[in-house]
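Source file: final_20.txt; contents: compact mmCIF, C-alpha atoms.
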```txt
# COMPACT_ATOMS: atom_id res chain seq x y z
CA MET K 1 -23.44 -4.29 -22.54
CA ILE K 2 -21.70 -4.15 -19.15
CA ASN K 3 -23.01 -6.42 -16.44
CA PRO K 4 -24.78 -4.12 -13.92
CA THR K 5 -23.28 -6.17 -11.07
CA SER K 6 -19.74 -5.28 -12.16
CA LEU K 7 -17.61 -2.16 -11.91
CA ARG K 8 -16.37 -0.30 -14.95
CA LEU K 9 -12.64 0.08 -14.33
CA GLY K 10 -10.25 2.70 -15.63
CA THR K 11 -6.50 2.71 -15.08
CA ILE K 12 -3.70 5.25 -14.76
CA GLY K 13 -0.30 3.60 -15.03
CA THR K 14 0.86 0.78 -17.28
CA SER K 15 3.53 -0.86 -15.13
CA SER K 16 3.64 -4.46 -13.92
CA ILE K 17 1.71 -3.60 -10.74
CA SER K 18 -1.13 -2.21 -12.87
CA GLN K 19 -1.12 -5.40 -14.89
CA LEU K 20 -1.32 -7.47 -11.71
CA PHE K 21 -4.23 -5.42 -10.39
CA VAL K 22 -6.21 -5.66 -13.62
CA GLN K 23 -5.62 -9.42 -13.73
CA ALA K 24 -6.79 -9.73 -10.13
CA ALA K 25 -9.79 -7.47 -10.72
CA LEU K 26 -10.98 -9.34 -13.81
CA ALA K 27 -10.54 -12.69 -12.08
CA THR K 28 -13.15 -11.66 -9.48
CA ASP K 29 -15.78 -11.24 -12.25
CA LYS K 30 -16.71 -7.98 -10.52
CA TYR K 31 -14.83 -5.59 -12.81
CA GLU K 32 -14.60 -4.89 -16.51
CA LEU K 33 -11.67 -2.91 -17.87
CA THR K 34 -13.27 -0.20 -19.98
CA THR K 35 -10.72 2.63 -20.21
CA VAL K 36 -6.93 2.81 -20.13
CA TYR K 37 -5.09 6.12 -19.80
CA SER K 38 -1.54 6.76 -20.91
CA ARG K 39 0.13 9.83 -22.37
CA LYS K 40 0.75 7.76 -25.51
CA GLU K 41 -2.12 5.86 -27.09
CA ALA K 42 0.22 3.12 -28.30
CA THR K 43 1.31 2.48 -24.71
CA ALA K 44 -2.29 2.37 -23.54
CA ARG K 45 -3.19 -0.10 -26.29
CA THR K 46 -0.23 -2.34 -25.58
CA PHE K 47 -1.35 -2.51 -21.96
CA GLY K 48 -5.11 -2.78 -22.47
CA GLU K 49 -5.63 -4.91 -25.57
CA PRO K 50 -4.80 -8.24 -23.84
CA PHE K 51 -7.59 -7.38 -21.37
CA HIS K 52 -10.02 -6.31 -24.14
CA ALA K 53 -10.28 -2.74 -22.90
CA ALA K 54 -13.02 -0.77 -24.63
CA ARG K 55 -11.21 2.54 -25.10
CA TYR K 56 -7.85 4.28 -24.79
CA VAL K 57 -7.38 7.91 -23.77
CA THR K 58 -4.38 10.21 -23.59
CA THR K 59 -5.71 12.93 -21.27
CA LEU K 60 -7.00 12.78 -17.72
CA GLU K 61 -9.93 14.94 -18.83
CA GLU K 62 -11.07 12.18 -21.18
CA LEU K 63 -10.74 9.60 -18.42
CA GLY K 64 -12.74 11.77 -16.01
CA GLN K 65 -15.47 12.24 -18.61
CA SER K 66 -15.69 8.52 -19.39
CA ASP K 67 -18.28 6.16 -17.89
CA VAL K 68 -15.87 4.37 -15.55
CA ASP K 69 -17.04 3.76 -11.99
CA VAL K 70 -13.63 3.35 -10.37
CA VAL K 71 -10.10 4.39 -11.35
CA TYR K 72 -6.97 2.50 -10.28
CA ILE K 73 -3.88 4.74 -10.03
CA ALA K 74 -0.37 3.25 -10.11
CA SER K 75 1.75 6.13 -11.37
CA PRO K 76 4.92 7.39 -9.60
CA ASN K 77 4.16 8.41 -6.01
CA SER K 78 4.41 12.16 -6.53
CA LEU K 79 1.72 12.09 -9.23
CA HIS K 80 -0.89 10.32 -7.10
CA PHE K 81 -2.36 13.43 -5.52
CA GLU K 82 -3.07 15.50 -8.61
CA GLN K 83 -4.45 12.53 -10.54
CA THR K 84 -6.59 11.44 -7.60
CA MET K 85 -8.06 14.90 -7.13
CA GLN K 86 -8.98 15.08 -10.81
CA MET K 87 -10.72 11.70 -10.71
CA LEU K 88 -12.53 12.48 -7.43
CA GLU K 89 -13.71 15.80 -8.86
CA ALA K 90 -15.17 13.80 -11.75
CA GLY K 91 -17.12 11.69 -9.27
CA LYS K 92 -15.11 8.49 -9.60
CA HIS K 93 -14.22 6.05 -6.85
CA VAL K 94 -10.42 5.90 -6.70
CA ILE K 95 -7.99 3.13 -5.75
CA VAL K 96 -4.47 4.49 -5.27
CA GLU K 97 -1.44 2.23 -5.10
CA LYS K 98 0.48 2.54 -1.84
CA PRO K 99 1.85 4.87 -0.64
CA MET K 100 -1.29 6.80 -1.47
CA PHE K 101 0.05 10.33 -0.90
CA SER K 102 3.29 12.05 0.02
CA THR K 103 2.04 14.21 2.90
CA PRO K 104 -0.78 14.48 5.46
CA GLY K 105 -1.93 17.67 3.73
CA GLU K 106 -2.48 15.81 0.48
CA TRP K 107 -4.24 12.98 2.31
CA GLU K 108 -6.63 15.33 4.10
CA ALA K 109 -7.49 17.29 0.95
CA ALA K 110 -8.26 14.14 -1.03
CA ALA K 111 -10.29 12.56 1.76
CA ALA K 112 -12.33 15.75 2.12
CA LEU K 113 -13.06 15.86 -1.62
CA ALA K 114 -14.05 12.19 -1.66
CA GLN K 115 -16.47 12.83 1.19
CA GLU K 116 -17.89 15.88 -0.58
CA LYS K 117 -18.47 13.88 -3.77
CA GLY K 118 -19.85 10.83 -1.93
CA VAL K 119 -17.27 8.47 -3.41
CA CYS K 120 -14.67 6.12 -1.92
CA LEU K 121 -10.91 6.63 -1.75
CA PHE K 122 -8.97 3.39 -1.22
CA GLU K 123 -5.27 2.87 -0.57
CA ALA K 124 -4.12 -0.32 -2.25
CA ALA K 125 -2.28 -1.72 0.76
CA ARG K 126 -2.80 -5.27 -0.43
CA HIS K 127 -1.61 -7.18 2.61
CA ILE K 128 -4.23 -5.90 5.06
CA HIS K 129 -6.87 -7.68 2.96
CA ASP K 130 -4.92 -10.92 2.72
CA PRO K 131 -6.52 -13.73 4.80
CA ASN K 132 -3.15 -14.86 6.14
CA PHE K 133 -2.25 -11.35 7.29
CA GLN K 134 -5.65 -11.12 8.96
CA LYS K 135 -5.04 -14.46 10.69
CA ALA K 136 -1.69 -13.17 11.93
CA THR K 137 -3.40 -10.00 13.15
CA GLU K 138 -5.91 -12.02 15.16
CA THR K 139 -3.11 -14.09 16.69
CA ILE K 140 -1.07 -11.03 17.65
CA ARG K 141 -4.04 -9.27 19.22
CA PHE K 142 -4.47 -12.22 21.60
CA LEU K 143 -0.80 -12.07 22.62
CA GLU K 144 -0.64 -11.02 26.26
CA ASN K 145 1.87 -8.57 27.70
CA VAL K 146 3.49 -7.41 24.46
CA GLN K 147 7.15 -6.57 25.07
CA GLY K 148 8.10 -5.39 21.59
CA ALA K 149 8.48 -6.44 17.98
CA SER K 150 10.99 -6.52 15.14
CA LEU K 151 9.69 -6.23 11.56
CA THR K 152 11.88 -6.56 8.46
CA TYR K 153 11.25 -6.15 4.74
CA MET K 154 14.37 -5.74 2.63
CA LYS K 155 14.41 -6.74 -1.01
CA TYR K 156 17.02 -5.78 -3.58
CA SER K 157 15.47 -3.74 -6.37
CA SER K 158 16.61 -4.25 -9.95
CA ARG K 159 16.14 -0.50 -10.38
CA TYR K 160 18.96 0.09 -7.91
CA ASP K 161 21.28 -1.08 -10.67
CA ALA K 162 20.21 2.05 -12.59
CA VAL K 163 21.17 4.19 -9.59
CA LEU K 164 24.60 2.58 -9.55
CA ASN K 165 24.89 3.47 -13.24
CA GLY K 166 24.24 7.14 -12.51
CA GLU K 167 20.51 7.22 -13.29
CA GLU K 168 17.61 8.27 -11.05
CA PRO K 169 14.54 6.05 -11.47
CA PRO K 170 11.36 7.44 -9.84
CA ILE K 171 11.36 4.91 -7.00
CA PHE K 172 14.78 6.26 -5.93
CA SER K 173 14.03 9.94 -6.53
CA LEU K 174 13.11 12.69 -4.08
CA ASN K 175 11.20 14.42 -6.89
CA TYR K 176 8.93 11.39 -7.19
CA SER K 177 8.55 10.80 -3.42
CA GLY K 178 10.59 7.62 -3.55
CA GLY K 179 12.82 5.64 -1.22
CA ALA K 180 12.82 2.43 0.78
CA LEU K 181 10.50 3.66 3.53
CA MET K 182 7.83 4.75 1.05
CA ASP K 183 8.07 1.63 -1.08
CA LEU K 184 8.66 -1.24 1.37
CA GLY K 185 8.60 0.35 4.81
CA VAL K 186 4.94 1.24 4.20
CA TYR K 187 4.10 -2.47 4.51
CA LEU K 188 5.77 -2.63 7.91
CA VAL K 189 4.16 0.56 9.16
CA TYR K 190 0.76 -0.74 8.04
CA ALA K 191 1.46 -3.96 9.94
CA ALA K 192 2.55 -2.17 13.11
CA VAL K 193 -0.44 0.20 13.09
CA SER K 194 -2.83 -2.68 12.33
CA TRP K 195 -1.44 -4.71 15.24
CA PHE K 196 -0.64 -2.06 17.86
CA GLY K 197 -2.31 1.20 16.82
CA GLU K 198 -0.69 4.60 16.32
CA PRO K 199 2.69 4.99 18.05
CA GLU K 200 3.35 7.78 20.51
CA GLU K 201 6.70 8.67 18.97
CA VAL K 202 8.76 7.62 15.94
CA THR K 203 12.38 7.83 14.85
CA TYR K 204 14.07 6.78 11.62
CA ILE K 205 17.76 6.41 10.82
CA ALA K 206 18.17 6.39 7.05
CA GLN K 207 21.05 5.14 4.96
CA LYS K 208 20.82 7.74 2.22
CA ILE K 209 22.02 7.00 -1.28
CA ARG K 210 23.36 9.31 -4.00
CA THR K 211 19.89 10.48 -5.08
CA GLY K 212 19.01 11.71 -1.57
CA VAL K 213 16.44 9.07 -0.65
CA ASP K 214 16.88 6.18 1.77
CA GLY K 215 18.29 3.01 0.25
CA GLN K 216 17.51 1.38 3.57
CA GLY K 217 16.79 2.42 7.11
CA ILE K 218 15.95 1.43 10.66
CA GLY K 219 12.95 2.91 12.43
CA MET K 220 11.56 2.75 15.93
CA LEU K 221 7.90 3.15 16.80
CA ARG K 222 7.42 3.82 20.51
CA TYR K 223 4.30 2.53 22.26
CA PRO K 224 3.38 2.61 25.95
CA GLY K 225 5.62 -0.04 27.51
CA PHE K 226 7.29 -1.39 24.35
CA ASP K 227 8.96 -0.49 21.06
CA VAL K 228 8.60 -1.80 17.52
CA VAL K 229 11.72 -1.80 15.34
CA ILE K 230 11.35 -1.83 11.58
CA HIS K 231 14.10 -2.44 9.04
CA CYS K 232 13.36 -1.77 5.38
CA GLY K 233 15.57 -1.58 2.33
CA LYS K 234 15.78 -1.72 -1.45
CA ASN K 235 19.55 -1.89 -1.91
CA ALA K 236 20.08 -5.20 -0.08
CA LEU K 237 18.26 -8.44 0.74
CA SER K 238 17.32 -9.61 4.23
CA LEU K 239 16.13 -13.09 5.14
CA HIS K 240 15.16 -12.17 8.72
CA SER K 241 11.78 -13.20 10.07
CA THR K 242 9.35 -10.90 11.84
CA GLU K 243 9.08 -11.39 15.62
CA ILE K 244 6.52 -10.16 18.12
CA TYR K 245 7.56 -10.54 21.74
CA GLY K 246 5.17 -11.40 24.54
CA LEU K 247 6.08 -12.04 28.15
CA ASP K 248 5.28 -15.75 27.88
CA GLU K 249 5.85 -16.44 24.19
CA THR K 250 7.29 -15.07 20.99
CA LEU K 251 5.45 -15.15 17.69
CA VAL K 252 7.59 -15.60 14.59
CA LEU K 253 6.20 -14.82 11.12
CA ASP K 254 8.14 -15.80 8.04
CA HIS K 255 7.02 -12.53 6.39
CA ALA K 256 5.38 -9.49 7.95
CA GLU K 257 3.44 -8.53 4.83
CA ALA K 258 2.56 -12.01 3.53
CA PRO K 259 2.90 -14.66 6.26
CA THR K 260 2.62 -18.33 5.40
CA VAL K 261 3.84 -19.69 8.76
CA ILE K 262 3.22 -18.50 12.32
CA GLU K 263 5.46 -20.07 14.96
CA ARG K 264 4.70 -19.79 18.67
CA VAL K 265 7.79 -20.16 20.86
CA ASP K 266 7.55 -20.51 24.64
CA SER K 267 9.72 -17.86 26.28
CA ARG K 268 10.96 -20.17 29.03
CA THR K 269 11.23 -23.62 27.46
CA GLN K 270 11.71 -22.52 23.83
CA ALA K 271 9.27 -25.25 22.82
CA SER K 272 7.59 -24.22 19.58
CA THR K 273 4.42 -24.91 17.63
CA LYS K 274 4.04 -23.98 13.99
CA ILE K 275 0.81 -22.95 12.32
CA THR K 276 1.01 -23.40 8.56
CA LEU K 277 -1.40 -21.04 6.85
CA PRO K 278 -3.28 -21.85 3.63
CA PRO K 279 -1.50 -21.08 0.36
CA THR K 280 -2.02 -17.47 -0.68
CA GLU K 281 -3.59 -16.48 -3.96
CA GLU K 282 -1.25 -16.71 -6.94
CA ASN K 283 -1.94 -13.02 -7.59
CA PRO K 284 -1.10 -11.05 -4.41
CA LEU K 285 -3.64 -8.34 -5.30
CA SER K 286 -6.63 -10.67 -5.54
CA ALA K 287 -7.89 -10.14 -1.99
CA GLU K 288 -7.81 -6.36 -2.15
CA ALA K 289 -9.50 -6.24 -5.57
CA ALA K 290 -12.31 -8.43 -4.25
CA ALA K 291 -12.62 -6.44 -1.01
CA PHE K 292 -13.00 -3.12 -2.82
CA ALA K 293 -15.56 -4.55 -5.26
CA ASP K 294 -17.59 -6.18 -2.50
CA LEU K 295 -17.87 -2.91 -0.64
CA LEU K 296 -18.76 -0.85 -3.70
CA LEU K 297 -21.28 -3.32 -5.15
CA THR K 298 -23.09 -4.51 -2.05
CA ASN K 299 -23.55 -1.27 -0.10
CA GLU K 300 -26.01 1.44 -1.03
CA LYS K 301 -23.74 4.12 0.46
CA PRO K 302 -20.25 2.57 0.56
CA ALA K 303 -18.57 5.82 1.64
CA THR K 304 -20.37 5.64 5.00
CA HIS K 305 -19.75 1.93 5.62
CA PRO K 306 -17.84 1.15 8.86
CA LYS K 307 -15.33 -1.08 7.05
CA TYR K 308 -14.50 1.70 4.59
CA GLN K 309 -14.10 4.18 7.44
CA GLU K 310 -11.77 1.73 9.19
CA TRP K 311 -9.58 1.43 6.08
CA LEU K 312 -9.57 5.21 5.67
CA GLN K 313 -8.50 5.83 9.27
CA LEU K 314 -5.73 3.24 8.98
CA SER K 315 -4.48 4.89 5.78
CA GLN K 316 -4.38 8.31 7.40
CA THR K 317 -2.46 7.05 10.41
CA VAL K 318 0.09 5.26 8.21
CA ASN K 319 0.56 8.40 6.11
CA ARG K 320 1.20 10.46 9.24
CA VAL K 321 3.69 7.93 10.65
CA LEU K 322 5.61 7.66 7.36
CA THR K 323 5.86 11.45 7.12
CA ASP K 324 7.10 11.80 10.70
CA MET K 325 9.67 9.05 10.16
CA ARG K 326 11.21 10.47 7.01
CA HIS K 327 11.22 13.99 8.43
CA ASP K 328 13.07 12.62 11.45
CA ALA K 329 15.69 11.32 9.00
CA GLY K 330 15.85 14.65 7.15
CA ILE K 331 14.14 13.35 4.02
CA TYR K 332 11.91 15.97 2.40
CA PHE K 333 10.02 15.83 -0.89
CA PRO K 334 8.92 18.75 -3.09
CA ALA K 335 5.38 17.88 -1.93
CA ASP K 336 6.34 18.88 1.62
CA GLN K 337 6.77 22.48 0.51
CA GLN K 338 3.35 22.51 -1.15
CA SER K 339 1.35 21.20 1.81
```

What would the structure in this file look like if it were written as structure tokens?
Amino acid sequence: MINPTSLRLGTIGTSSISQLFVQAALATDKYELTTVYSRKEATARTFGEPFHAARYVTTLEELGQSDVDVVYIASPNSLHFEQTMQMLEAGKHVIVEKPMFSTPGEWEAAAALAQEKGVCLFEAARHIHDPNFQKATETIRFLENVQGASLTYMKYSSRYDAVLNGEEPPIFSLNYSGGALMDLGVYLVYAAVSWFGEPEEVTYIAQKIRTGVDGQGIGMLRYPGFDVVIHCGKNALSLHSTEIYGLDETLVLDHAEAPTVIERVDSRTQASTKITLPPTEENPLSAEAAAFADLLLTNEKPATHPKYQEWLQLSQTVNRVLTDMRHDAGIYFPADQQS
């Protein structure tokens, strides 16, 4: 019998990120993996048996008809919308791996259906729930006279080797809403919007690869009185820190999405003070899994809770900014024609 204080979890997607989320969810003692979906039962079993899943299904209809409370979706980006709509229609809370949807039209339709059904729709942007990111956010919000910022997240993807061999993996495919901005740039856009709000104007210069998506790119988010530059990429590695410029001091983060050190540098003397943050959880998805469970289990009407509404608004803004940026670079997905 399932503990009534836990959530019955179903999953769509059997990749490593799904495995990480299930591990994080089970470690909170607030979830129980009950149903795993995959088009092939053998794949579902291979994924779910180590976690003692109760059942394995090969159709989304079966998953929607099951007794799960919440479904975690980590399929290729272009599949998120249809799968989410089907689970929302079935009355399930849904957690969608970032980027949640390809277009603002998809985002608005899903949010409206979630509201109609009285369920929650979460974007799994893990870093905004991380205590160290939240500490950095507090520090940045107290920075006076912001003059600008430079945010970088570039990490070479092993799947780029497949591109070089003439293949087109989903993360580097227009058909699957892929590319560097959608996969890694989303972290930087989330950070910028969390710290500074929605920009007035955006631009994005993309280095397009053979498949038509951006292998890397440089974006600018324009705010009143300052600009934020972001540099993201999946076909190269960058070791640059993230910097936020104030009139009197500069804040340096070792990582925008997962800071472990915040350095304050005096603008005039260059004297610096380092703040070493506590070690992060071994599983980077632990904080978000706990945050979603806490909201769903401790609130009578979680869909009306202010914290949920805050997350939802942030997700919508990020989706809008990402869309404007890639359109500025001439990157269009099949989903753009359907919205």

Test item: residues at most 9 Å from Ile244 (chain K), only C-alpha atoms, excluding those fewer than 5 positions along its chain, as number ranges by chain: K: 140, 143, 146-151, 228, 249-253

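Distance-wise, CA of Ala287 (chain K) and CA of Thr273 (chain K) end up 27.5 Å apart.
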
Asn283 (chain K) surroundings by all atoms listed in the file, 9 Å radius, close-in-sequence under 6 positions cut, as a count of residues only: 4

Surrounding residues of Asp328 (chain K) excluding itself and chain neighbours under 5 positions, 12 Å, all atoms listed in the file, as a list in words: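 Near neighbours after the sequence-gap exclusion: Glu201, Val202, Thr203, Tyr204, Ile205, Ala206, Gly217, Ile218, Gly219, Met220, Val321, Leu322 and Thr323 of chain K.
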
Nearest-residue call for Thr280 (chain K), choices K:His127, K:Arg55, K:Lys30, K:Arg39, using all atoms listed in the file: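 Distance minimum relative to Thr280 (chain K) lands on K:His127.
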
Selection near region 4-17 of chain K, 8 Å with all atoms listed in the file, sequence-local residues under 3 positions removed, as a list of chain:residue names: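 Here the qualifying residues turn out to be K:Leu20, K:Phe21, K:Asp29, K:Lys30, K:Tyr31, K:Glu32, K:Leu33, K:Thr34, K:Thr35, K:Val36, K:Tyr37, K:Ser38, K:Thr43, K:Ala44, K:Phe47, K:Leu63, K:Asp67, K:Val68, K:Asp69, K:Val70, K:Val71, K:Tyr72, K:Ile73, K:Ala74, K:Ser75, K:Ala293, K:Leu297.
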
Put those residues in a file: C-alpha atoms, as an mmCIF file, in the frame of the given file.
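The result, written out as selection-v3.cif:
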```
data_model
loop_
_atom_site.group_PDB
_atom_site.id
_atom_site.type_symbol
_atom_site.label_atom_id
_atom_site.label_comp_id
_atom_site.auth_asym_id
_atom_site.auth_seq_id
_atom_site.Cartn_x
_atom_site.Cartn_y
_atom_site.Cartn_z
ATOM 1 C CA LEU K 20 -1.320 -7.470 -11.710
ATOM 2 C CA PHE K 21 -4.230 -5.420 -10.390
ATOM 3 C CA ASP K 29 -15.780 -11.240 -12.250
ATOM 4 C CA LYS K 30 -16.710 -7.980 -10.520
ATOM 5 C CA TYR K 31 -14.830 -5.590 -12.810
ATOM 6 C CA GLU K 32 -14.600 -4.890 -16.510
ATOM 7 C CA LEU K 33 -11.670 -2.910 -17.870
ATOM 8 C CA THR K 34 -13.270 -0.200 -19.980
ATOM 9 C CA THR K 35 -10.720 2.630 -20.210
ATOM 10 C CA VAL K 36 -6.930 2.810 -20.130
ATOM 11 C CA TYR K 37 -5.090 6.120 -19.800
ATOM 12 C CA SER K 38 -1.540 6.760 -20.910
ATOM 13 C CA THR K 43 1.310 2.480 -24.710
ATOM 14 C CA ALA K 44 -2.290 2.370 -23.540
ATOM 15 C CA PHE K 47 -1.350 -2.510 -21.960
ATOM 16 C CA LEU K 63 -10.740 9.600 -18.420
ATOM 17 C CA ASP K 67 -18.280 6.160 -17.890
ATOM 18 C CA VAL K 68 -15.870 4.370 -15.550
ATOM 19 C CA ASP K 69 -17.040 3.760 -11.990
ATOM 20 C CA VAL K 70 -13.630 3.350 -10.370
ATOM 21 C CA VAL K 71 -10.100 4.390 -11.350
ATOM 22 C CA TYR K 72 -6.970 2.500 -10.280
ATOM 23 C CA ILE K 73 -3.880 4.740 -10.030
ATOM 24 C CA ALA K 74 -0.370 3.250 -10.110
ATOM 25 C CA SER K 75 1.750 6.130 -11.370
ATOM 26 C CA ALA K 293 -15.560 -4.550 -5.260
ATOM 27 C CA LEU K 297 -21.280 -3.320 -5.150
#
```

Atom-to-atom span, CA of Arg264 (chain K) and CA of Glu144 (chain K), Å: 12.8 Å
